[in-house]
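This is data14.pdb. It holds PDB, C-alpha atoms and all ligand atoms.
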ATOM      1  CA  MET A   1      52.906  31.712  -2.484
ATOM      2  CA  ALA A   2      50.182  32.024   0.132
ATOM      3  CA  ASN A   3      47.891  29.189  -0.936
ATOM      4  CA  MET A   4      48.981  25.674  -1.876
ATOM      5  CA  LEU A   5      45.483  24.916  -3.170
ATOM      6  CA  GLU A   6      42.980  27.420  -4.497
ATOM      7  CA  ILE A   7      39.534  26.432  -5.752
ATOM      8  CA  GLU A   8      37.386  29.188  -7.289
ATOM      9  CA  GLY A   9      33.702  28.921  -8.189
ATOM     10  CA  LEU A  10      33.841  25.207  -8.925
ATOM     11  CA  SER A  11      30.721  23.464 -10.217
ATOM     12  CA  VAL A  12      30.784  19.736 -10.923
ATOM     13  CA  GLY A  13      28.149  17.336 -12.182
ATOM     14  CA  TYR A  14      27.810  13.624 -12.904
ATOM     15  CA  ALA A  15      26.046  12.088 -15.866
ATOM     16  CA  ARG A  16      22.323  11.618 -15.190
ATOM     17  CA  LYS A  17      22.507  13.688 -12.021
ATOM     18  CA  GLY A  18      22.285  17.377 -11.217
ATOM     19  CA  LEU A  19      25.198  19.350  -9.819
ATOM     20  CA  ALA A  20      27.182  17.628  -7.072
ATOM     21  CA  LEU A  21      29.181  20.821  -6.378
ATOM     22  CA  GLU A  22      27.909  24.328  -6.951
ATOM     23  CA  ASN A  23      30.112  27.417  -6.988
ATOM     24  CA  VAL A  24      32.560  26.047  -4.412
ATOM     25  CA  SER A  25      35.562  28.146  -3.401
ATOM     26  CA  LEU A  26      38.155  26.863  -0.951
ATOM     27  CA  ARG A  27      41.767  27.576   0.002
ATOM     28  CA  VAL A  28      44.471  25.533   1.659
ATOM     29  CA  PRO A  29      47.113  27.989   2.908
ATOM     30  CA  ALA A  30      50.671  26.696   2.550
ATOM     31  CA  GLY A  31      51.707  24.596   5.528
ATOM     32  CA  SER A  32      48.291  24.308   7.151
ATOM     33  CA  ILE A  33      45.738  21.580   7.815
ATOM     34  CA  VAL A  34      42.267  22.309   6.446
ATOM     35  CA  ALA A  35      39.259  20.147   7.279
ATOM     36  CA  LEU A  36      36.420  19.525   4.846
ATOM     37  CA  LEU A  37      33.264  18.563   6.716
ATOM     38  CA  GLY A  38      29.749  17.632   5.693
ATOM     39  CA  ALA A  39      27.082  14.950   5.839
ATOM     40  CA  ASN A  40      26.875  11.909   3.549
ATOM     41  CA  GLY A  41      26.374  12.935  -0.044
ATOM     42  CA  ALA A  42      27.392  16.556   0.578
ATOM     43  CA  GLY A  43      30.027  16.453  -2.178
ATOM     44  CA  LYS A  44      33.264  16.004  -0.206
ATOM     45  CA  THR A  45      34.590  13.119  -2.295
ATOM     46  CA  THR A  46      33.575  14.923  -5.486
ATOM     47  CA  LEU A  47      35.687  17.891  -4.420
ATOM     48  CA  ILE A  48      38.666  15.635  -3.680
ATOM     49  CA  ARG A  49      38.237  13.852  -7.041
ATOM     50  CA  SER A  50      38.173  17.212  -8.817
ATOM     51  CA  VAL A  51      41.487  18.220  -7.252
ATOM     52  CA  THR A  52      43.204  14.848  -7.675
ATOM     53  CA  GLY A  53      42.344  14.412 -11.366
ATOM     54  CA  LEU A  54      40.037  11.447 -10.743
ATOM     55  CA  LEU A  55      36.737  12.967 -11.799
ATOM     56  CA  ASP A  56      36.791  11.473 -15.325
ATOM     57  CA  LEU A  57      37.208   8.023 -13.887
ATOM     58  CA  HIS A  58      33.885   8.477 -12.098
ATOM     59  CA  HIS A  59      32.146  10.081 -15.107
ATOM     60  CA  GLY A  60      32.029  13.496 -13.503
ATOM     61  CA  HIS A  61      32.647  16.752 -15.322
ATOM     62  CA  VAL A  62      33.534  20.291 -14.343
ATOM     63  CA  GLY A  63      31.010  22.903 -15.415
ATOM     64  CA  THR A  64      32.695  26.101 -14.283
ATOM     65  CA  GLY A  65      35.520  27.221 -12.043
ATOM     66  CA  SER A  66      39.241  26.800 -11.595
ATOM     67  CA  ILE A  67      41.671  24.874  -9.412
ATOM     68  CA  ARG A  68      45.237  26.007  -8.743
ATOM     69  CA  PHE A  69      47.882  23.838  -7.118
ATOM     70  CA  GLY A  70      51.017  25.691  -6.067
ATOM     71  CA  GLY A  71      49.769  28.627  -8.134
ATOM     72  CA  GLU A  72      49.340  26.606 -11.369
ATOM     73  CA  PRO A  73      45.970  25.820 -12.971
ATOM     74  CA  ILE A  74      45.511  22.033 -12.942
ATOM     75  CA  LEU A  75      41.985  21.273 -14.198
ATOM     76  CA  GLY A  76      42.164  18.377 -16.647
ATOM     77  CA  ARG A  77      45.633  17.282 -15.539
ATOM     78  CA  PRO A  78      45.799  13.504 -14.969
ATOM     79  CA  SER A  79      46.232  12.087 -11.508
ATOM     80  CA  HIS A  80      49.659  10.483 -12.085
ATOM     81  CA  LYS A  81      51.117  13.820 -13.222
ATOM     82  CA  LEU A  82      49.725  15.574 -10.173
ATOM     83  CA  VAL A  83      51.301  12.942  -7.928
ATOM     84  CA  ARG A  84      54.679  13.562  -9.557
ATOM     85  CA  GLN A  85      54.190  17.267  -9.055
ATOM     86  CA  GLY A  86      53.844  16.756  -5.312
ATOM     87  CA  MET A  87      50.222  15.891  -4.628
ATOM     88  CA  GLY A  88      49.830  13.022  -2.169
ATOM     89  CA  GLN A  89      46.480  11.258  -2.362
ATOM     90  CA  VAL A  90      44.668   9.022   0.106
ATOM     91  CA  PRO A  91      41.386   8.038  -1.572
ATOM     92  CA  GLU A  92      38.054   7.102  -0.011
ATOM     93  CA  GLY A  93      38.359   3.502   1.241
ATOM     94  CA  ARG A  94      42.176   3.814   1.593
ATOM     95  CA  LEU A  95      42.767   1.286  -1.214
ATOM     96  CA  VAL A  96      45.924  -0.340   0.083
ATOM     97  CA  PHE A  97      47.049  -3.380  -1.914
ATOM     98  CA  LYS A  98      45.862  -6.077   0.455
ATOM     99  CA  GLN A  99      47.953  -8.936  -0.963
ATOM    100  CA  LEU A 100      51.170  -6.948  -0.926
ATOM    101  CA  SER A 101      53.322  -6.548   2.138
ATOM    102  CA  VAL A 102      53.375  -3.284   4.047
ATOM    103  CA  GLU A 103      56.792  -2.463   2.657
ATOM    104  CA  ASP A 104      55.781  -3.249  -0.922
ATOM    105  CA  ASN A 105      52.790  -0.925  -0.551
ATOM    106  CA  LEU A 106      55.168   1.817   0.556
ATOM    107  CA  LEU A 107      57.461   1.042  -2.364
ATOM    108  CA  VAL A 108      54.545   1.663  -4.735
ATOM    109  CA  GLY A 109      54.335   5.171  -3.308
ATOM    110  CA  ALA A 110      58.120   5.506  -3.503
ATOM    111  CA  ALA A 111      58.127   4.843  -7.258
ATOM    112  CA  ILE A 112      58.287   8.606  -7.871
ATOM    113  CA  LEU A 113      61.470   8.963  -5.794
ATOM    114  CA  PRO A 114      64.980   8.685  -7.232
ATOM    115  CA  ARG A 115      66.278   5.227  -6.306
ATOM    116  CA  ALA A 116      68.913   6.632  -3.960
ATOM    117  CA  ARG A 117      66.220   8.258  -1.822
ATOM    118  CA  VAL A 118      63.902   5.260  -1.379
ATOM    119  CA  ARG A 119      65.591   3.913   1.776
ATOM    120  CA  GLU A 120      65.466   7.328   3.416
ATOM    121  CA  GLY A 121      61.777   7.596   2.450
ATOM    122  CA  LEU A 122      60.953   4.228   4.038
ATOM    123  CA  ASP A 123      62.832   5.174   7.199
ATOM    124  CA  ALA A 124      60.948   8.451   7.449
ATOM    125  CA  VAL A 125      57.574   6.675   7.182
ATOM    126  CA  TYR A 126      58.602   4.037   9.736
ATOM    127  CA  ALA A 127      59.736   6.785  12.111
ATOM    128  CA  LEU A 128      56.342   8.448  11.715
ATOM    129  CA  PHE A 129      54.320   5.236  12.146
ATOM    130  CA  PRO A 130      56.437   2.692  14.066
ATOM    131  CA  ARG A 131      53.627   0.102  13.852
ATOM    132  CA  LEU A 132      54.315  -0.143  10.138
ATOM    133  CA  LEU A 133      57.924  -1.054  10.841
ATOM    134  CA  GLU A 134      56.818  -3.857  13.189
ATOM    135  CA  ARG A 135      54.513  -5.172  10.462
ATOM    136  CA  ARG A 136      56.575  -4.428   7.402
ATOM    137  CA  GLN A 137      56.523  -8.040   6.155
ATOM    138  CA  SER A 138      52.792  -8.618   6.776
ATOM    139  CA  ALA A 139      50.272  -8.551   3.971
ATOM    140  CA  ALA A 140      48.456  -5.222   4.186
ATOM    141  CA  GLY A 141      45.116  -7.067   4.321
ATOM    142  CA  TRP A 142      46.036  -8.404   7.766
ATOM    143  CA  LEU A 143      46.472  -4.955   9.283
ATOM    144  CA  SER A 144      43.864  -3.289  11.493
ATOM    145  CA  GLY A 145      41.839  -0.435  10.001
ATOM    146  CA  GLY A 146      43.995   2.120  11.791
ATOM    147  CA  GLU A 147      47.197   0.504  10.550
ATOM    148  CA  GLN A 148      45.809   0.422   7.009
ATOM    149  CA  GLN A 149      45.110   4.132   7.246
ATOM    150  CA  MET A 150      48.683   4.696   8.462
ATOM    151  CA  LEU A 151      49.874   2.662   5.494
ATOM    152  CA  ALA A 152      47.752   4.628   3.028
ATOM    153  CA  LEU A 153      49.123   7.848   4.534
ATOM    154  CA  GLY A 154      52.675   6.521   4.500
ATOM    155  CA  ARG A 155      52.332   5.530   0.850
ATOM    156  CA  ALA A 156      51.166   9.062   0.018
ATOM    157  CA  LEU A 157      53.741  10.791   2.230
ATOM    158  CA  ILE A 158      56.793   8.809   1.156
ATOM    159  CA  GLY A 159      57.102  10.934  -2.000
ATOM    160  CA  ARG A 160      57.314  14.088   0.180
ATOM    161  CA  PRO A 161      54.213  15.767  -1.261
ATOM    162  CA  ARG A 162      53.655  19.522  -0.979
ATOM    163  CA  LEU A 163      49.936  18.891  -0.600
ATOM    164  CA  LEU A 164      48.267  15.858   0.955
ATOM    165  CA  LEU A 165      44.582  15.103   0.350
ATOM    166  CA  VAL A 166      42.894  12.563   2.588
ATOM    167  CA  ASP A 167      39.321  11.378   2.058
ATOM    168  CA  GLU A 168      37.652   9.997   5.197
ATOM    169  CA  LEU A 169      40.584   9.917   7.526
ATOM    170  CA  SER A 170      38.720   8.551  10.532
ATOM    171  CA  LEU A 171      35.973   6.385   8.996
ATOM    172  CA  GLY A 172      35.522   3.204  11.029
ATOM    173  CA  LEU A 173      38.461   3.937  13.331
ATOM    174  CA  ALA A 174      38.553   4.318  17.104
ATOM    175  CA  PRO A 175      38.979   7.957  18.219
ATOM    176  CA  LEU A 176      42.229   7.126  20.029
ATOM    177  CA  ILE A 177      43.921   5.873  16.873
ATOM    178  CA  VAL A 178      42.560   8.799  14.878
ATOM    179  CA  LYS A 179      44.129  11.176  17.398
ATOM    180  CA  GLU A 180      47.434   9.359  17.104
ATOM    181  CA  ILE A 181      47.277   9.739  13.326
ATOM    182  CA  TYR A 182      46.400  13.441  13.493
ATOM    183  CA  LYS A 183      49.259  14.096  15.899
ATOM    184  CA  GLN A 184      51.660  12.533  13.421
ATOM    185  CA  LEU A 185      50.171  14.554  10.570
ATOM    186  CA  GLN A 186      50.760  17.695  12.619
ATOM    187  CA  VAL A 187      54.393  16.655  13.019
ATOM    188  CA  VAL A 188      54.651  16.224   9.239
ATOM    189  CA  GLY A 189      53.112  19.661   8.719
ATOM    190  CA  GLN A 190      55.466  21.272  11.208
ATOM    191  CA  THR A 191      58.661  19.575  10.063
ATOM    192  CA  LEU A 192      58.116  19.435   6.281
ATOM    193  CA  GLY A 193      55.620  22.258   5.775
ATOM    194  CA  THR A 194      53.202  19.888   4.026
ATOM    195  CA  SER A 195      49.755  21.401   3.361
ATOM    196  CA  MET A 196      46.755  19.124   3.958
ATOM    197  CA  LEU A 197      43.107  18.930   3.024
ATOM    198  CA  VAL A 198      41.367  16.301   5.116
ATOM    199  CA  VAL A 199      37.808  15.082   4.634
ATOM    200  CA  GLU A 200      36.492  14.240   8.030
ATOM    201  CA  GLN A 201      33.289  12.728   9.401
ATOM    202  CA  ASN A 202      34.274  13.398  12.976
ATOM    203  CA  ALA A 203      33.819  17.164  13.093
ATOM    204  CA  ARG A 204      34.890  17.487  16.701
ATOM    205  CA  LEU A 205      38.262  15.812  16.126
ATOM    206  CA  ALA A 206      38.848  17.639  12.870
ATOM    207  CA  LEU A 207      38.248  20.994  14.506
ATOM    208  CA  GLU A 208      40.738  20.094  17.206
ATOM    209  CA  PHE A 209      43.570  19.486  14.735
ATOM    210  CA  ALA A 210      42.806  21.658  11.707
ATOM    211  CA  ALA A 211      43.562  25.370  11.392
ATOM    212  CA  HIS A 212      40.657  26.077   9.030
ATOM    213  CA  ALA A 213      37.458  24.260   8.155
ATOM    214  CA  TYR A 214      34.823  24.287   5.421
ATOM    215  CA  VAL A 215      31.390  22.712   5.691
ATOM    216  CA  LEU A 216      29.684  21.395   2.548
ATOM    217  CA  ASN A 217      25.963  20.837   2.384
ATOM    218  CA  GLY A 218      24.106  19.814  -0.762
ATOM    219  CA  GLY A 219      27.138  20.690  -2.886
ATOM    220  CA  ARG A 220      27.604  24.208  -1.502
ATOM    221  CA  ILE A 221      29.942  25.622   1.104
ATOM    222  CA  VAL A 222      27.621  26.693   3.894
ATOM    223  CA  LEU A 223      30.205  27.600   6.507
ATOM    224  CA  SER A 224      33.929  28.308   6.595
ATOM    225  CA  GLY A 225      36.521  29.960   8.800
ATOM    226  CA  THR A 226      39.174  29.168  11.352
ATOM    227  CA  ALA A 227      38.519  25.947  13.243
ATOM    228  CA  GLN A 228      37.571  28.018  16.299
ATOM    229  CA  GLU A 229      35.090  30.112  14.320
ATOM    230  CA  VAL A 230      33.488  27.067  12.758
ATOM    231  CA  ALA A 231      33.328  25.191  16.058
ATOM    232  CA  ALA A 232      31.669  28.207  17.695
ATOM    233  CA  SER A 233      29.047  28.743  14.993
ATOM    234  CA  ASP A 234      25.482  27.924  15.950
ATOM    235  CA  ALA A 235      24.828  26.042  12.707
ATOM    236  CA  MET A 236      27.802  23.803  13.448
ATOM    237  CA  LYS A 237      26.701  23.096  16.984
ATOM    238  CA  GLU A 238      23.211  22.232  15.797
ATOM    239  CA  SER A 239      24.160  19.885  12.994
ATOM    240  CA  TYR A 240      27.463  18.277  13.978
ATOM    241  CA  LEU A 241      28.515  18.970  17.521
ATOM    242  CA  GLY A 242      25.103  18.376  19.052
ATOM    243  CA  ALA A 243      25.818  14.832  20.219
ATOM    244  CA  SER A 244      27.989  15.737  23.170
ATOM    245  CA  ARG A 245      25.622  18.485  24.239
ATOM    246  CA  ARG A 246      22.960  15.851  24.609
ATOM    247  CA  HIS A 247      25.281  14.071  27.008
ATOM    248  CA  ALA A 248      26.150  17.231  28.888
ATOM    249  CA  PRO A 249      24.803  17.453  32.430
ATOM    250  CA  GLU A 250      21.518  19.332  32.800
ATOM    251  CA  ALA A 251      21.964  22.943  33.801
ATOM    252  CA  THR A 252      20.915  23.469  37.394
ATOM    253  CA  PRO A 253      17.925  25.826  37.613
TER     254      PRO A 253
HETATM  255  N1  LIG B   1      30.096   8.431  -9.835
HETATM  256  C1  LIG B   1      28.959   9.085  -9.548
HETATM  257  N2  LIG B   1      27.921   9.117 -10.435
HETATM  258  C2  LIG B   1      26.773   9.794 -10.150
HETATM  259  N3  LIG B   1      26.565  10.462  -8.991
HETATM  260  C3  LIG B   1      27.546  10.457  -8.083
HETATM  261  C4  LIG B   1      28.793   9.771  -8.299
HETATM  262  N4  LIG B   1      29.580   9.937  -7.214
HETATM  263  C5  LIG B   1      28.864  10.700  -6.362
HETATM  264  N5  LIG B   1      27.656  11.023  -6.869
HETATM  265  C6  LIG B   1      26.609  11.857  -6.239
HETATM  266  O1  LIG B   1      27.150  13.153  -5.987
HETATM  267  C7  LIG B   1      26.726  13.644  -4.716
HETATM  268  C8  LIG B   1      27.963  13.924  -3.860
HETATM  269  O2  LIG B   1      28.577  12.683  -3.561
HETATM  270  P1  LIG B   1      30.002  12.558  -2.839
HETATM  271  O3  LIG B   1      30.425  11.142  -2.925
HETATM  272  O4  LIG B   1      30.897  13.607  -3.375
HETATM  273  O5  LIG B   1      29.588  12.945  -1.337
HETATM  274  P2  LIG B   1      30.405  12.782   0.021
HETATM  275  O6  LIG B   1      30.251  14.077   0.754
HETATM  276  O7  LIG B   1      31.765  12.300  -0.238
HETATM  277  O8  LIG B   1      29.555  11.659   0.776
HETATM  278  P3  LIG B   1      30.046  10.498   1.813
HETATM  279  O9  LIG B   1      30.187  11.167   3.142
HETATM  280  O10 LIG B   1      28.906   9.531   1.794
HETATM  281  O11 LIG B   1      31.321   9.926   1.303
HETATM  282  C9  LIG B   1      25.796  12.601  -4.138
HETATM  283  O12 LIG B   1      24.485  12.960  -4.430
HETATM  284  C10 LIG B   1      26.190  11.319  -4.886
HETATM  285  O13 LIG B   1      25.091  10.454  -4.995
HETATM  286 MG    MG B   2      32.835  10.627   0.319
END
What is this structure when it is put down as structure tokens?
Amino acid sequence: MANMLEIEGLSVGYARKGLALENVSLRVPAGSIVALLGANGAGKTTLIRSVTGLLDLHHGHVGTGSIRFGGEPILGRPSHKLVRQGMGQVPEGRLVFKQLSVEDNLLVGAAILPRARVREGLDAVYALFPRLLERRQSAAGWLSGGEQQMLALGRALIGRPRLLLVDELSLGLAPLIVKEIYKQLQVVGQTLGTSMLVVEQNARLALEFAAHAYVLNGGRIVLSGTAQEVAASDAMKESYLGASRRHAPEATP
């Protein structure tokens, strides 16, 4: 199977609002990291909700289109079933259980594992993010933003998903910690073959770590290709990568 996730002609609306996604098609090839970029309100979270079975919860509805996960059509399938079928989800805002300890948060994610494999799952997450091991007894609410993101990722990864979806990986985090997280996600991709769709505000970082990228604008895909192609496109440079050009030294006449 070439694509772990395949979205075809997807249109989604919310009650009392026009379309939030219009005729969106997107693919996550098996084993690769794909970045989903776009400004605030572009429809990134709506796309993630559509894939993860959480659209109903937010009073959204699919107009047209199809979504296939591992080759199977999944529109209308509830979130908890998708998780059991190997879809790891890190929602917008991370949503760790702040009162629970780090380890208990991970155990929530491990609920889909056979009991005999829970210990091994915890060890694998702690090997990936050693800071979580140091803080395993702390309440999750006491962790830094970066550590909470590691925890949210660990909770999603502990079940060994085939596909991981992350909304807003880097929001509010220092670039250094985001890089550390991406490096570990690359390790997961390389060792376990996990496919990933990552919503990212920081286009520059995303294009450094992802193989492919899609740019949403006003609910439509306006640009897509390999990370290199997207990074090199003029539209991309204008709208997202412009900041560093402003800081670039003036060309000498
Ligand atoms: N539950 C909802 N009810 C009605 N409209 C919604 C709902 N959620 C999102 N929208 C609207 O749908 C559009 C797409 O929003 P969405 O949250 O998908 O964008 P986004 O790209 O994730 O933005 P951000 O970067 O701010 O997270 C926006 O116009 C938003 O106002
Ligand atoms: Mg969003």
Draw an axis-aligned box over all listed atoms of ligand LIG 1 (chain B), pad each side with 8 Å, and write its centre and edge lengths in Å, one decimal, as AutoDock Vina command-line options.
--center_x 28.1 --center_y 11.3 --center_z -3.6 --size_x 23.3 --size_y 21.6 --size_z 29.6
Non-local contacts of A:Ala35 (9 Å; all atoms listed in the file; under 4 positions in same chain excluded) as a ChimeraX atom specification: /A:196-200,203,206-207,209-215,227
Work out how far apart atom CA of A:Val24 and atom CA of A:Leu153 are and give it in Å to one decimal.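 We find that atom CA of A:Val24 and atom CA of A:Leu153 lie 26.2 Å from each other.
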Taking only C-alpha atoms and all ligand atoms into account, produce a table as CSV in which each residue of chain A with an atom at most 10 Å from an atom of ligand MG 2 (chain B) appears once, together with its shortest atom pair and the distance in Å to one decimal, ordered by chain and rising number.
residue,atom,partner,partner_atom,distance
A:Gly38,CA,B:MG2,MG,9.4
A:Ala39,CA,B:MG2,MG,9.1
A:Asn40,CA,B:MG2,MG,6.9
A:Gly41,CA,B:MG2,MG,6.9
A:Ala42,CA,B:MG2,MG,8.1
A:Gly43,CA,B:MG2,MG,6.9
A:Lys44,CA,B:MG2,MG,5.4
A:Thr45,CA,B:MG2,MG,4.0
A:Thr46,CA,B:MG2,MG,7.3
A:Leu47,CA,B:MG2,MG,9.1
A:Ile48,CA,B:MG2,MG,8.7
A:Arg49,CA,B:MG2,MG,9.7
A:Pro91,CA,B:MG2,MG,9.1
A:Glu92,CA,B:MG2,MG,6.3
A:Gly93,CA,B:MG2,MG,9.1
A:Asp167,CA,B:MG2,MG,6.8
A:Glu168,CA,B:MG2,MG,6.9
A:Val199,CA,B:MG2,MG,7.9
A:Glu200,CA,B:MG2,MG,9.3
A:Gln201,CA,B:MG2,MG,9.3
Given the selection you just returned, output its residues as a file containing C-alpha atoms, formatted as a CSV table (one decimal), keeping the file's coordinate frame.
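Written file, result.csv:
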chain,number,residue,atom,x,y,z
A,38,GLY,CA,29.7,17.6,5.7
A,39,ALA,CA,27.1,15.0,5.8
A,40,ASN,CA,26.9,11.9,3.5
A,41,GLY,CA,26.4,12.9,0.0
A,42,ALA,CA,27.4,16.6,0.6
A,43,GLY,CA,30.0,16.5,-2.2
A,44,LYS,CA,33.3,16.0,-0.2
A,45,THR,CA,34.6,13.1,-2.3
A,46,THR,CA,33.6,14.9,-5.5
A,47,LEU,CA,35.7,17.9,-4.4
A,48,ILE,CA,38.7,15.6,-3.7
A,49,ARG,CA,38.2,13.9,-7.0
A,91,PRO,CA,41.4,8.0,-1.6
A,92,GLU,CA,38.1,7.1,0.0
A,93,GLY,CA,38.4,3.5,1.2
A,167,ASP,CA,39.3,11.4,2.1
A,168,GLU,CA,37.7,10.0,5.2
A,199,VAL,CA,37.8,15.1,4.6
A,200,GLU,CA,36.5,14.2,8.0
A,201,GLN,CA,33.3,12.7,9.4
Spell out the residues picked by the PyMOL selection byres (((chain A and resi 77) around 12) and not hetatm) here, as a ChimeraX atom specification. /A:49-56,67-69,72-76,78-85,87
Restricted to C-alpha atoms, what would the selected residues look like written as a CSV table (one decimal), in the coordinates of the input?
chain,number,residue,atom,x,y,z
A,49,ARG,CA,38.2,13.9,-7.0
A,50,SER,CA,38.2,17.2,-8.8
A,51,VAL,CA,41.5,18.2,-7.3
A,52,THR,CA,43.2,14.8,-7.7
A,53,GLY,CA,42.3,14.4,-11.4
A,54,LEU,CA,40.0,11.4,-10.7
A,55,LEU,CA,36.7,13.0,-11.8
A,56,ASP,CA,36.8,11.5,-15.3
A,67,ILE,CA,41.7,24.9,-9.4
A,68,ARG,CA,45.2,26.0,-8.7
A,69,PHE,CA,47.9,23.8,-7.1
A,72,GLU,CA,49.3,26.6,-11.4
A,73,PRO,CA,46.0,25.8,-13.0
A,74,ILE,CA,45.5,22.0,-12.9
A,75,LEU,CA,42.0,21.3,-14.2
A,76,GLY,CA,42.2,18.4,-16.6
A,78,PRO,CA,45.8,13.5,-15.0
A,79,SER,CA,46.2,12.1,-11.5
A,80,HIS,CA,49.7,10.5,-12.1
A,81,LYS,CA,51.1,13.8,-13.2
A,82,LEU,CA,49.7,15.6,-10.2
A,83,VAL,CA,51.3,12.9,-7.9
A,84,ARG,CA,54.7,13.6,-9.6
A,85,GLN,CA,54.2,17.3,-9.1
A,87,MET,CA,50.2,15.9,-4.6
Assuming the chain letters and numbering stay as they are in my file, what does the PyMOL selection byres (((chain A and resi 174) around 12) and not hetatm) actually select? List them as an MDAnalysis selection string. chainID A and resid 144:147 149 169:173 175:181 202 205
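Ranking A:Leu223, A:Leu133, A:Leu163, A:Leu122 by their shortest atom-to-atom distance to A:Val28, with only C-alpha atoms included, puts A:Leu163 first.
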Under the rule that all atoms listed in the file are counted, which of A:Arg160, A:Arg119, A:Lys237, A:Arg155 is the nearest residue to A:Leu132?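 Once distances to A:Leu132 are computed over all atoms listed in the file, the minimum belongs to A:Arg155.
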Of the residues A:Leu185, A:Ala127, A:Ile158, A:Ala139, which is the one nearest to A:Leu106, using all atoms listed in the file?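 For A:Leu106, the nearest of the given residues is A:Ile158.
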Residue nearest A:Ser101 among A:Arg204, A:Ala30, A:Tyr14, A:Trp142 (counting all atoms listed in the file): A:Trp142
Gap from atom CA of A:Gly13 to atom C9 of ligand LIG 1 (chain B) - Å, one decimal: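 Separation of atom CA of A:Gly13 and atom C9 of ligand LIG 1 (chain B): 9.6 Å.
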